[in-house]
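**Student:** Before anything else, here's the structure in question.
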Protein chains: 4
Amino acid sequence: MKNTIGSHVTLTIFGESHGPSIGVVLDGLCPGLPIETERIEHLLSLRRPQGKLSTARREPDPVQIQSGVFNAHTTGTPLCLLIPNEDTHSADYSQLKDKPRPGHADYTARAKYHGFSDYRGGGHFSGRLTAPLVAAGAIAMTALSRKGITLGTHVLKCAGIADRPFHDYAEDIQSLDQKSFAVLDEDAAAQMRSAISSAAEEGDSVGGVLQTAVIGLPAGLGEPWFDSLESLLSHAMFSIPAVKGIEFGDGFALAECKGSQANDAFRFEQGRVVTATNHNGGVNGGISNGMPLVFQTAIKPTPSIYLPQDTVDFSTGENTVLEIGGRHDPAIVHRAAVVQTALTAFVLMDVVAGRWGTDVFLQEGPL
Amino acid sequence: MKNTIGSHVTLTIFGESHGPSIGVVLDGLCPGLPIETERIEHLLSLRRPQGKLSTARREPDPVQIQSGVFNAHTTGTPLCLLIPNEDTHSADYSQLKDKPRPGHADYTARAKYHGFSDYRGGGHFSGRLTAPLVAAGAIAMTALSRKGITLGTHVLKCAGIADRPFHDYAEDIQSLDQKSFAVLDEDAAAQMRSAISSAAEEGDSVGGVLQTAVIGLPAGLGEPWFDSLESLLSHAMFSIPAVKGIEFGDGFALAECKGSQANDAFRFEQGRVVTATNHNGGVNGGISNGMPLVFQTAIKPTPSIYLPQDTVDFSTGENTVLEIGGRHDPAIVHRAAVVQTALTAFVLMDVVAGRWGTDVFLQEGPL
Amino acid sequence: MKNTIGSHVTLTIFGESHGPSIGVVLDGLCPGLPIETERIEHLLSLRRPQGKLSTARREPDPVQIQSGVFNAHTTGTPLCLLIPNEDTHSADYSQLKDKPRPGHADYTARAKYHGFSDYRGGGHFSGRLTAPLVAAGAIAMTALSRKGITLGTHVLKCAGIADRPFHDYAEDIQSLDQKSFAVLDEDAAAQMRSAISSAAEEGDSVGGVLQTAVIGLPAGLGEPWFDSLESLLSHAMFSIPAVKGIEFGDGFALAECKGSQANDAFRFEQGRVVTATNHNGGVNGGISNGMPLVFQTAIKPTPSIYLPQDTVDFSTGENTVLEIGGRHDPAIVHRAAVVQTALTAFVLMDVVAGRWGTDVFLQEGPL
Amino acid sequence: MKNTIGSHVTLTIFGESHGPSIGVVLDGLCPGLPIETERIEHLLSLRRPQGKLSTARREPDPVQIQSGVFNAHTTGTPLCLLIPNEDTHSADYSQLKDKPRPGHADYTARAKYHGFSDYRGGGHFSGRLTAPLVAAGAIAMTALSRKGITLGTHVLKCAGIADRPFHDYAEDIQSLDQKSFAVLDEDAAAQMRSAISSAAEEGDSVGGVLQTAVIGLPAGLGEPWFDSLESLLSHAMFSIPAVKGIEFGDGFALAECKGSQANDAFRFEQGRVVTATNHNGGVNGGISNGMPLVFQTAIKPTPSIYLPQDTVDFSTGENTVLEIGGRHDPAIVHRAAVVQTALTAFVLMDVVAGRWGTDVFLQEGPL
């Protein structure tokens with residue numbers, strides 16, 4: 001499926017950092033979904049570069065819907081949305097043609113595409129392509145919220161500084177929706193900002209861990225053996241540039257536990273089945289159990305740094321040292337938070353549409 | 001795709017723990033692959049329960065090929081292989097009908113399938129279904145080895161005890177192929193066995209971390225955005241029961257690094273591009289870079305334990321305490337190693353077939 | 001997708017004419033569907049060779065369900081059904097290894113599979129593989145009938161003799177369900193039988209046209225642009241061996257009409273939209289309009305004939321003359337009728353499941 | 001897959017007749033294909049409305065490539081091409097909101113999309129969307145021609161007038177590439193033009209039959225059972241608006257033949273296997289046999305006619321009579337010829353890419 005994701009609703013991504021435009025096509029959307037332009041713009045604003053913590057590239061990201069919307073509602077036919085590229089400094093990238101940046105896709109793209117790929121600004125691999133993903137995720141979030149499903153992502157760790165965990169999921173999710181720096185604890189946020197700035201000053205970069213929580217998911221979603229919720233979500237999350245790991249619930253910590261510690265006991269609570277703990281992150285056997293879905297991803301430090309780095313030069317066939325100019329993010333973990341939320345929303349919309357049919361989102365109310 | 005995985009070569013799994021048989025259908029296989037029955041049997045023997053470390057269920061697992069093989073070679077048409085179920089003690093599971101085991105799929109299967117699923121022995125969710133996956137993986141390993149690609153998995157950690165990392169990949173991979181307890185360091189192996197036995201005596205269970213390495217993969221494999229190597233492999237690995245996390249290269253540890261530490265410098269070495277380090281596990285931008293592909297998974301402790309556990313009883317609508325009889329594994333991490341190898345082999349065979357066409361494995365020699 | 005069909009419910013076919021068994025795996029079935037063994041056996045009996053009109057091969061076709069059924073209902077997990085091969089006379093086919101039969105897949109299979117395919121009895125291309133398709137279709141017909149959708153196929157033409165068209169769809173569909181020679185007009189049936197016998201005596205074969213009608217389909221099924229009902233059904237029907245054409249409604253005759261003759265006027269009838277005529281076969285713009293779905297397929301004469309035929313001999317590299325022994329059908333059009341019904345039922349079950357979700361068939365009653 | 005077609009190379013279509021733009025995304029293209037802008041423009045000119053034989057809507061169709069092309073070659077990443085909508089007279093269509101045109105998708109779209117679809121100009125179902133398909137096909141034709149595969153389509157019949165059949169395939173295919181009215185025999189062409197004009201004067205419309213031939217295809221393409229060449233091509237062709245039937249080789253005429261007449265004898269010819277006749281249209285058992293691939297489609301008369309027609313009025317709930325204004329084609333069969341060629345080229349490019357891998361088109365020369 002290459003640049004397409006989804007089984008019932010599909011999302012196809014296209015574009016290069018320095019081409020005319022980037023965008024996505026969403027197919028299989030429920031007809032009649034209101035297109036909340038402000039919601040799309042708001043989510044895009046959360047992803048946008050922020051002052052000194054980010055690249056200096058301005059990305060106003062005006063979303064241009066080409067199809068699939070009529071009278072401000074989805075029609076049910078493919079929705080194509082474009083974001084034109086602007087403020088491109090292609091000249092900044094001319095040396096990348098032959099000198100691949102360590103940690104980036106420059107070399108692997110060259111190998112894969114036999115040298116025909118657009119290397120400017122990372123081309124098709126640019127993090128910039130997450131902008132249309134966020135726009136698409138905004139539509140998915142509209143759909144999910146009609147069925148009582150909400151979600152959010154925070155920076156659980158950055159540069160070694162830890163945020164507090166989720167306390168009240170509903171409240172925390174709501175607060176994250178308004179935060180351009182998605183950290184629950186304000187002190188932790190301040191320390192992280194400071195650590196990012198320090199790294200920027202050194203010409204270096206930092207990474208972190210993102211944590212996403214989803215509430216309102218009914219039990220019974222996901223497919224054994226190969227389309228478990230964990231499989232679908234991990235498949236999607238590894239599309240976010242810089243993600244190098246994912247874990248559900250207590251994840252790698254579970255590997256250190258005994259079964260008696262890791263198992264979440266079932267209990268009836270007001271006639272509903274719940275679990276007393278949530279070490280498994282709301283997923284048993286790959287299928288949702290009705291508890292909050294919780295997972296973490298590892299975001300590696302941005303590979304674009306100003307420090308000189310060893311690399312090869314294909315024009316000479318010799319080893320060389322690369323010093324990158326251009327405009328870079330000393331951290332992308334905070335900008336990636338909304339991308340992770342958006343992609344998660346898309347995956348869950350697809351799963352819900354598979355279970356109850358495309359039109360399930362026409363009516364508001366629980367599943 | 002539910003119970004099917006793969007784009008160019010597909011694998012469809014079927015069966016229940018206590019039904020007539022379990023099996024897989026492989027479609028899109030290269031014609032002319034030798035079917036090495038002994039190799040299949042050998043890999044299955046590595047997965048088989050081992051003495052006191054495992055369930056007492058005997059699983060001779062005779063593989064019965066129904067189709068797709070003629071004159072001991074694949075024909076290129078769908079290959080169906082069956083493993084009949086034997087030695088089933090269905091009565092052991094009667095209480096599971098209404099009392100879901102914590103940490104298992106009993107409750108989520110009930111929710112998903114409206115109470116129609118076969119609950120005996122975990123039904124379709126049973127770890128037993130990994131047996132046909134291993135058989136399928138053996139065929140994939142035959143295909144890959146014709147192109148110089150080999151792979152292996154070891155228990156990197158179990159019950160808090162660590163194995164040594166890979167030293168010489170080729171040699172370690174070869175040695176793992178002969179180990180029924182896939183640990184590189186023999187001292188660590190002995191300690192792990194002892195820890196598993198202790199947990200068994202307590203009626204409890206332990207988990208661990210598996211590490212897989214693949215060598216011989218050329219640069220340029222994987223598809224940007226949604227079918228990256230990391231996406232495809234994580235999608236597959238979360239199908240292995242008990243996997244709760246996956247990370248590539250240094251994974252979550254990268255989240256704590258600076259960019260200058262995480263980036264792998266490119267170097268020419270005998271005219272070939274290599275990286276000086278391999279923190280990214282052989283993958284840049286989701287695409288193989290020609291270095292060893294390395295990843296780890298978190299395996300939670302087996303949820304079936306003999307200790308009493310809190311759960312619900314659907315027949316009474318009340319909370320209850322469950323004591324499980326039956327036969328269980330105090331750890332499955334060592335048995336899961338070959339499953340992880342097998343599934344990885346399948347995914348990579350599929351990726352190679354997509355790039356060079358199904359028939360690429362007809363000829364031996366590098367890609 | 002190769003040997004798999006379906007988007008929401010998938011059917012994967014496997015097996016060779018002279019291998020251990022043939023079968024299918026159905027995935028994505030609604031849980032809770034009753035498995036009506038007699039219904040499956042009855043449909044298979046309609047496909048079975050009939051006296052002098054068919055091959056002498058006995059095909060008792062005992063269906064062995066391996067998975068996906070528990071307490072006589074579908075579980076929702078993959079249902080694998082096997083039909084063991086018996087009464088195989090493999091020796092009859094030895095000359096086919098090198099002398100491809102005209103009109104058959106012998107040569108194209110050899111080209112595609114590099115000589116590794118099982119040539120005995122047509123191998124994977126054998127019409128025998130339609131038996132598991134019929135069994136699968138029986139399950140689909142159970143599902144559809146719960147939502148008021150019924151269907152049937154008759155031999156509209158055979159050897160130049162025409163059956164009467166459908167009169168009362170519901171009644172005709174019901175009567176076809178009991179006919180082992182699926183012709184509505186008994187006089188036409190007698191003439192067709194006689195023509196088939198004559199062809200058999202000449203060592204030759206005849207073809208025909210099959211017509212299928214489906215009633216109870218609601219308006220709005222099918223997807224522009226590429227998964228129209230016509231696209232999905234034609235894709236499936238060309239899988240039936242010997243089908244060389246398909247047309248919907250008046251089909252090729254529409255090419256000779258004016259627009260004023262071809263258009264079906266819309267009318268309100270008891271508050272429901274109907275069309276005054278049905279030249280378009282219940283499909284407008286690729287989507288069902290609520291009228292009976294009607295289509296015809298062209299079935300070429302069975303290519304296996306006893307008359308000598310020119311062909312090549314790969315063992316000598318020379319042209320040669322082939323005289324086929326073995327057991328052949330002088331016509332398969334009448335046996336193909338139930339196969340066409342079965343595959344149509346599968347496609348429609350899949351389309352309905354896509355629109356309303358897999359579980360839509362749990363409840364009886366209209367869509 | 002809804003609005004996506006293809007397995008290895010995928011094409012996703014989007015847009016509405018009166019929205020901002022229409023377009024396609026092609027994914028999985030071989031990198032390094034030259035983008036021949038003139039070739040794209042030339043093919044689009046063959047599809048464009050022609051004087052009195054067509055709608056008066058001007059469609060200059062400037063193709064705007066958004067992505068996937070760099071230095072005038074494909075990059076291998078998704079290629080999105082847009083065609084902006086211009087010269088839209090939306091007011092012409094206001095009555096269609098509630099009065100569905102007979103023979104069109106107006107009513108079925110309303111049923112499918114719960115009234116949210118864009119009804120202006122047929123919306124997403126408009127024949128206008130075939131323009132981006134033609135542009136995509138031009139790229140596929142470039143790819144195929146690098147491997148010696150060429151193809152063309154002529155109007156075999158229109159308004160009862162027959163064109164001559166293909167004589168010399170290579171020559172005829174070449175000549176069709178230059179014909180804006182794709183008829184091989186000039187006399188037949190003149191008669192057809194005249195018949196179309198007559199129908200237009202009556203306010204009526206006519207249909208016809210298109211015949212496509214492909215040469216240079218090697219033997220062995222297509223997948224048994226569900227992705228046969230015939231399945232894939234019919235699936236695609238029924239996407240062309242107005243196609244109501246398809247047949248391969250002699251098609252429905254084969255249903256009237258004896259096996260001894262229908263079978264194509266194999267012969268060695270200069271060391272190559274050929275068939276003495278080509279009744280099966282180059283396909284045996286669903287797989288190409290190396291002979292010219294030949295098929296016909298039935299194109300119904302354009303449903304938009306000026307004559308008054310019976311229909312329903314949803315705003316009143318009463319039957320009514322519709323008189324359509326706007327601009328319509330009295331025949332589209334001649335405009336559809338290049339669409340059929342383009343879609344066929346796309347399907348074949350996909351099949352070739354599946355067999356030999358995406359990069360097969362990098363090098364010129366036979367497969």
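Chain identifiers are assigned as A, B, and so on, following the order in which chains appear in the structure tokens; residues are numbered from 1 within each chain, and ligands are numbered from 1 in order of appearance.
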Residues near segment 267-269 of chain B, anyone? I mean within 6 Å using only C-alpha atoms, not counting same-chain ones fewer than 4 positions away, as a list in words.
**Tutor:**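 In the requested form, the answer reads Thr311, Val312 and Asn319 of chain A; Val273, Val274 and Thr275 of chain B.
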**Student:** Could you list, with a cut-off of 6 Å and counting only C-alpha atoms, the residues of chain D near chain C, each shown with its nearest atom pair and the distance in Å rounded to one decimal, rows sorted by chain and ascending number, as a Markdown table?
**Tutor:**
```
| residue | atom | partner | partner_atom | distance |
| --- | --- | --- | --- | --- |
| D:Lys2 | CA | C:Asp227 | CA | 5.1 |
| D:Asn3 | CA | C:Trp225 | CA | 5.1 |
| D:Pro102 | CA | C:Ala265 | CA | 5.3 |
| D:Gly103 | CA | C:Asn263 | CA | 4.7 |
| D:His104 | CA | C:Asn284 | CA | 5.8 |
| D:Ala105 | CA | C:Gly285 | CA | 4.5 |
| D:Thr108 | CA | C:Gly220 | CA | 5.3 |
| D:Ala111 | CA | C:Gly220 | CA | 4.9 |
| D:Lys112 | CA | C:Gly220 | CA | 3.9 |
| D:Ala159 | CA | C:Glu256 | CA | 5.8 |
| D:Gly160 | CA | C:Glu256 | CA | 5.8 |
| D:Asp204 | CA | C:Gly259 | CA | 5.9 |
| D:Ser205 | CA | C:Gly259 | CA | 4.9 |
| D:Val206 | CA | C:Lys258 | CA | 4.8 |
| D:Gly207 | CA | C:Ala255 | CA | 4.6 |
| D:Gly208 | CA | C:Ala255 | CA | 4.4 |
| D:Gly220 | CA | C:Lys112 | CA | 3.9 |
| D:Glu223 | CA | C:Lys2 | CA | 5.4 |
| D:Trp225 | CA | C:Ser239 | CA | 4.8 |
| D:Phe226 | CA | C:Asn3 | CA | 5.4 |
| D:Asp227 | CA | C:Lys2 | CA | 5.1 |
| D:Ser231 | CA | C:His235 | CA | 4.1 |
| D:His235 | CA | C:Ser231 | CA | 4.1 |
| D:Phe238 | CA | C:Ser231 | CA | 5.3 |
| D:Ser239 | CA | C:Phe226 | CA | 5.4 |
| D:Lys244 | CA | C:Gly251 | CA | 5.0 |
| D:Gly245 | CA | C:Glu247 | CA | 3.9 |
| D:Ile246 | CA | C:Gly245 | CA | 5.5 |
| D:Glu247 | CA | C:Gly245 | CA | 3.9 |
| D:Phe248 | CA | C:Lys244 | CA | 5.5 |
| D:Gly251 | CA | C:Lys244 | CA | 5.0 |
| D:Phe252 | CA | C:Ala298 | CA | 5.0 |
| D:Leu254 | CA | C:Lys300 | CA | 5.1 |
| D:Ala255 | CA | C:Gly208 | CA | 4.4 |
| D:Glu256 | CA | C:Ala159 | CA | 5.8 |
| D:Lys258 | CA | C:Val206 | CA | 4.8 |
| D:Gly259 | CA | C:Pro301 | CA | 4.8 |
| D:Asn263 | CA | C:Gly103 | CA | 4.7 |
| D:Asp264 | CA | C:Pro102 | CA | 5.6 |
| D:Ala265 | CA | C:Asp310 | CA | 5.2 |
| D:Phe266 | CA | C:Thr311 | CA | 4.3 |
| D:Arg267 | CA | C:Val312 | CA | 5.5 |
| D:Asn284 | CA | C:Ala105 | CA | 5.1 |
| D:Gly285 | CA | C:Ala105 | CA | 4.5 |
| D:Ile287 | CA | C:Thr108 | CA | 5.9 |
| D:Asn289 | CA | C:Thr108 | CA | 5.6 |
| D:Ala298 | CA | C:Phe252 | CA | 5.0 |
| D:Ile299 | CA | C:Ala255 | CA | 5.4 |
| D:Lys300 | CA | C:Ala255 | CA | 4.9 |
| D:Pro301 | CA | C:Gly259 | CA | 4.9 |
| D:Thr302 | CA | C:Gly259 | CA | 5.9 |
| D:Pro303 | CA | C:Gly259 | CA | 5.5 |
| D:Asp310 | CA | C:Ala265 | CA | 5.2 |
| D:Thr311 | CA | C:Phe266 | CA | 4.3 |
| D:Val312 | CA | C:Arg267 | CA | 5.5 |
| D:Asn319 | CA | C:Arg267 | CA | 5.9 |
```
**Student:** Expressed in Å to a single decimal, how great is the separation between atom CA of Asn278 of chain C and atom CA of Ala213 of chain C?
**Tutor:**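 Interatomic distance here is 11.9 Å.
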**Student:** At a cut-off of 12 Å, using only C-alpha atoms, what residues contact Arg146 of chain B? Leave out same-chain residues fewer than 3 positions from it and give the result as a PyMOL selection string.
**Tutor:** chain B and resi 30+32-34+139-143+149-150+216+349+352+359-367
**Student:** Identify, on the basis of only C-alpha atoms, every residue whose closest approach to Ile35 of chain D does not exceed 9 Å; exclude the query and any residue fewer than 5 positions from it along the same chain; express the result as JSON, numbers by chain.
**Tutor:** {"D": [40, 69, 72, 73, 74, 139, 142]}
**Student:** Those selected residues, please, written with C-alpha atoms and delivered as a compact mmCIF listing (two decimals), in the first residue's frame.
**Tutor:**
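Below is the file that was written, result_31.txt:
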```txt
# COMPACT_ATOMS: atom_id res chain seq x y z
CA ILE D 40 -0.18 13.70 -21.82
CA VAL D 69 8.21 14.54 -10.51
CA ALA D 72 11.10 15.92 -15.63
CA HIS D 73 11.24 12.34 -14.39
CA THR D 74 9.16 10.40 -11.92
CA ILE D 139 2.37 7.85 -17.99
CA THR D 142 5.32 5.58 -21.49
```
